[in-house]
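A.B. asks: Sharing a structure with you now.
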Amino acid sequence: MTGLVVHKLTVMRAGRPILDDVSFTCPGQGLVGLLGPNGAGKSTLARLLAGQPEAHAGAIRIGEEDVTALAAARRAAMIGYMPQAFTPHWDISPRMLVEMGAARRPDLPPGIVRSALSEAGLDGHGDRLWSTLSGGEKARALFAAVTVADPAVLVVDEPGASLDIGHRIRLMGRLAARGRTRLVVAVLHDIELATAWCDRLLVMDEGRLVAVDTAGAVVRSGVLATVFGVAFETMVSGGVTIARPVCGRD
Amino acid sequence: MNAAITPPRDGFTIRLAMLLGLGLALAVCVGLAAGHDWASPARLLAALTGDGSLDSRLITDWRLPRVLAAAFVGALLGIGGCLFQGLFRNPLAEPYLLGSAGGAAVGATVALLVPLGMPQAVTLPVLAFCGAWSATVMVLLIGRVSGVVDAAGLLLAGVAVAAILGALRSFLMLALSDESISLQVVLSWMLGGIQTPGTAGLAALAVLTGACLLLALTTARGLDLLGLGEDMARSFGLDVKGFIAVTILVGSAVVAVAVAFGGLVAFIGLAAPHLGRSLVGPRHRPLILASALIGAIAVVLADALARAALPPAEIPLGLITALAGGPFFLVLLARRLRP
């Protein structure tokens, strides 16, 4: 595993480009934020990175492996995917979910499920039914299930959409912690959190990649204002440049 | 839902297995005793220990094979229900409601009424399987093409397919029958009824049931994953397309065997997995085993009732399960559709 290479990725739907000739590379570790307005193609890119089926042209490689050609089991061990919405059809427990996530790597040590639940702060909640969990508990259980097999790449689609600000910040903390040793690509809507936590940012607009750089450089470039049509103010906190939308109430 | 106070249910504990096994044994005893004259426990014991009297021969030679056949058919219906609910990710899916059993019945009707130059023992299960498979694929395709994913929509597609197949079956019966074939036989089979099999038939049914159970168990892990939704299932390593295709084949085989030996029996495939889920939780390996046992118990009891309720007449088994299972289904549907 030496990093992610996306080469000339194009997805057409009903004659319209959803992804338009997207190319970029990422090193094998770090938290990469994928930003852009609605309909920019973020989720489609995330699905493709995760090896989900989408008709496309172009190539995605992780190290030497072609992601779209990987066998299902190999891909599952290598790439973790948290979709935008997750609702199991049966009333499962967090333990069952984490067990299913762990089953994709046969070489995991025994007791890994318990420690993953414990790390997710679900001690004593492992056997509760899904329908009784809070939104935060559901998100933590899903995160534990996806990361228990320690995939080299983690793709996350709008992880905080249904979480309150406290849970959202703690989830960003978990993603950043993983980013220290693994590659994490996260579709994010919260620009403030994205600029505060991400190492690198990819900015998309109408299917095209319009910026790829370190978070600080992207913030300073002003591309966010162009793409979102909103003014941003920047502040520096602890050496990190954070962008915050100007809400227009004065 | 009062799920907050529900204790964790995960797995097929030994205690539960023993309990369901005991239930099945009791049901078999009731089935052996039931008839237009009820056998006393003493007579049952005498017959089973082999005292050779005419009375005992009635029980061991006539009732026992039929009760065992009922148990196997019930187990198949339970397994089939599990597979279909897992496949459609819907607790209201059932082979009978989704047209799969109806498809098997069309195939079986052709086998019963058309001389195909092959023994019926071969053509009946093969054609039943083809019918079940094509009906299931059709419902899935309708669902996929129309983008229907919710319970009500899928069931409507299934009901429409089942209605078409029912009409087709009636047409075939009218068009293909002549004096040489007794429609009565086809009709009574269609209403659902366990025939009393010969030794060879019973052995075949036992082997097929065992094979179906093993095949069904190999799909358990995939069904668990599929229950997470197709995207998550895929990201956890399931080849979703291939798995669905294989599981439709397995489910159709299960339904075909059940229909070939028991006719059209409604709602067991709905109720057995539902009860099973409340006993062992949503994991499919224990659920398939529990549903098989529950289905067996239910059909053995329903068949006993069919023989004993209105002697000397026999009520079609399918009527009994529909009368008992229909309201069950309506309650589930009402709960499911409530916003």
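Following the order of the structure tokens, first chain is A, next is B, and so on, with residues numbered from 1 inside each chain and ligands from 1 in the order they appear.
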Can you list every residue of chain B that has an atom at most 8 Å from chain A, with its nearest atom pair and the distance in Å to one decimal, using only C-alpha atoms, ordered by chain then number, as a Markdown table?

C.D. replies:
```
| residue | atom | partner | partner_atom | distance |
| --- | --- | --- | --- | --- |
| B:Ala3 | CA | A:Thr132 | CA | 6.8 |
| B:Ala4 | CA | A:Thr132 | CA | 5.9 |
| B:Pro8 | CA | A:Asp127 | CA | 5.5 |
| B:Arg89 | CA | A:His89 | CA | 6.0 |
| B:Asn90 | CA | A:His89 | CA | 7.4 |
| B:Leu225 | CA | A:Met100 | CA | 7.3 |
| B:Gly227 | CA | A:His89 | CA | 5.2 |
| B:Leu228 | CA | A:Pro88 | CA | 4.5 |
| B:Gly229 | CA | A:Pro88 | CA | 6.4 |
| B:Asp231 | CA | A:Gln52 | CA | 7.0 |
| B:Met232 | CA | A:Tyr81 | CA | 7.5 |
| B:Arg234 | CA | A:Ala72 | CA | 7.1 |
| B:Ser235 | CA | A:Ala76 | CA | 5.3 |
| B:Phe236 | CA | A:Ala76 | CA | 5.1 |
| B:Gly237 | CA | A:Ala73 | CA | 4.4 |
| B:Leu238 | CA | A:Ala72 | CA | 6.1 |
| B:Asp239 | CA | A:Ala72 | CA | 5.9 |
| B:Gly281 | CA | A:Ile92 | CA | 7.8 |
| B:Pro282 | CA | A:Trp90 | CA | 6.2 |
```

A.B. asks: Please identify which residues in region 46-235 of chain A DSSP calls strand (DSSP E) from the backbone, and express them as a ChimeraX atom specification.

C.D. replies: /A:57-62,65-66,79-82,153-157,183-187,200-205,208-214,232-235

A.B. asks: Listing only residues of region 276-299 of chain B within 6 Å of region 73-79 of chain B, what is the closest atom pair and its distance in Å (to one decimal) for each, using only C-alpha atoms, sorted by chain and residue number ascending, as a tab-separated table?

C.D. replies:
```
residue	atom	partner	partner_atom	distance
B:Ile288	CA	B:Ile79	CA	5.6
B:Ser291	CA	B:Gly78	CA	4.8
B:Ala292	CA	B:Ala75	CA	3.9
B:Leu293	CA	B:Ala75	CA	5.9
B:Gly295	CA	B:Gly74	CA	4.4
B:Ala296	CA	B:Gly74	CA	4.0
B:Val299	CA	B:Gly74	CA	5.0
```

A.B. asks: Neighbouring residues of Val246 (chain B) were defined as those with any atom within 12 Å, considering only C-alpha atoms; residues of the same chain fewer than 3 positions away were excluded. Please report them as an MDAnalysis selection string.

C.D. replies: chainID B and resid 83 87 133 137 215:216 218:219 222:223 239:243 249:253

A.B. asks: May I have the selected residues written with C-alpha atoms, as a JSON list (two decimals), in the first residue's frame?

C.D. replies:
```
[["chain", "number", "residue", "atom", "x", "y", "z"],
["B", 83, "LEU", "CA", -34.69, -17.58, 2.51],
["B", 87, "LEU", "CA", -33.52, -12.29, 0.14],
["B", 133, "TRP", "CA", -37.61, -19.97, -10.08],
["B", 137, "VAL", "CA", -37.11, -13.85, -10.78],
["B", 215, "LEU", "CA", -28.00, -25.63, 1.04],
["B", 216, "ALA", "CA", -30.02, -23.04, 2.94],
["B", 218, "THR", "CA", -24.69, -22.14, 3.27],
["B", 219, "THR", "CA", -26.57, -18.94, 2.41],
["B", 222, "GLY", "CA", -24.72, -13.95, 2.92],
["B", 223, "LEU", "CA", -28.29, -13.34, 4.10],
["B", 239, "ASP", "CA", -20.62, -10.65, -4.18],
["B", 240, "VAL", "CA", -24.18, -9.33, -4.04],
["B", 241, "LYS", "CA", -25.34, -10.13, -7.58],
["B", 242, "GLY", "CA", -23.97, -13.67, -7.57],
["B", 243, "PHE", "CA", -25.27, -14.34, -4.10],
["B", 249, "LEU", "CA", -32.03, -20.98, -7.02],
["B", 250, "VAL", "CA", -31.81, -22.48, -3.52],
["B", 251, "GLY", "CA", -35.10, -20.86, -2.43],
["B", 252, "SER", "CA", -36.84, -22.11, -5.59],
["B", 253, "ALA", "CA", -35.56, -25.63, -4.97]]
```

A.B. asks: Can you list, as a ChimeraX atom specification, every residue of region 30-178 of chain A that DSSP puts in alpha helix (DSSP H)?

C.D. replies: /A:42-49,72-78,94-102,112-119,135-147,165-178

A.B. asks: Show which residues sit within 8 Å of region 122-124 of chain A, as a count of residues only. Count only C-alpha atoms, and ignore same-chain residues fewer than 5 positions away.

C.D. replies: 4
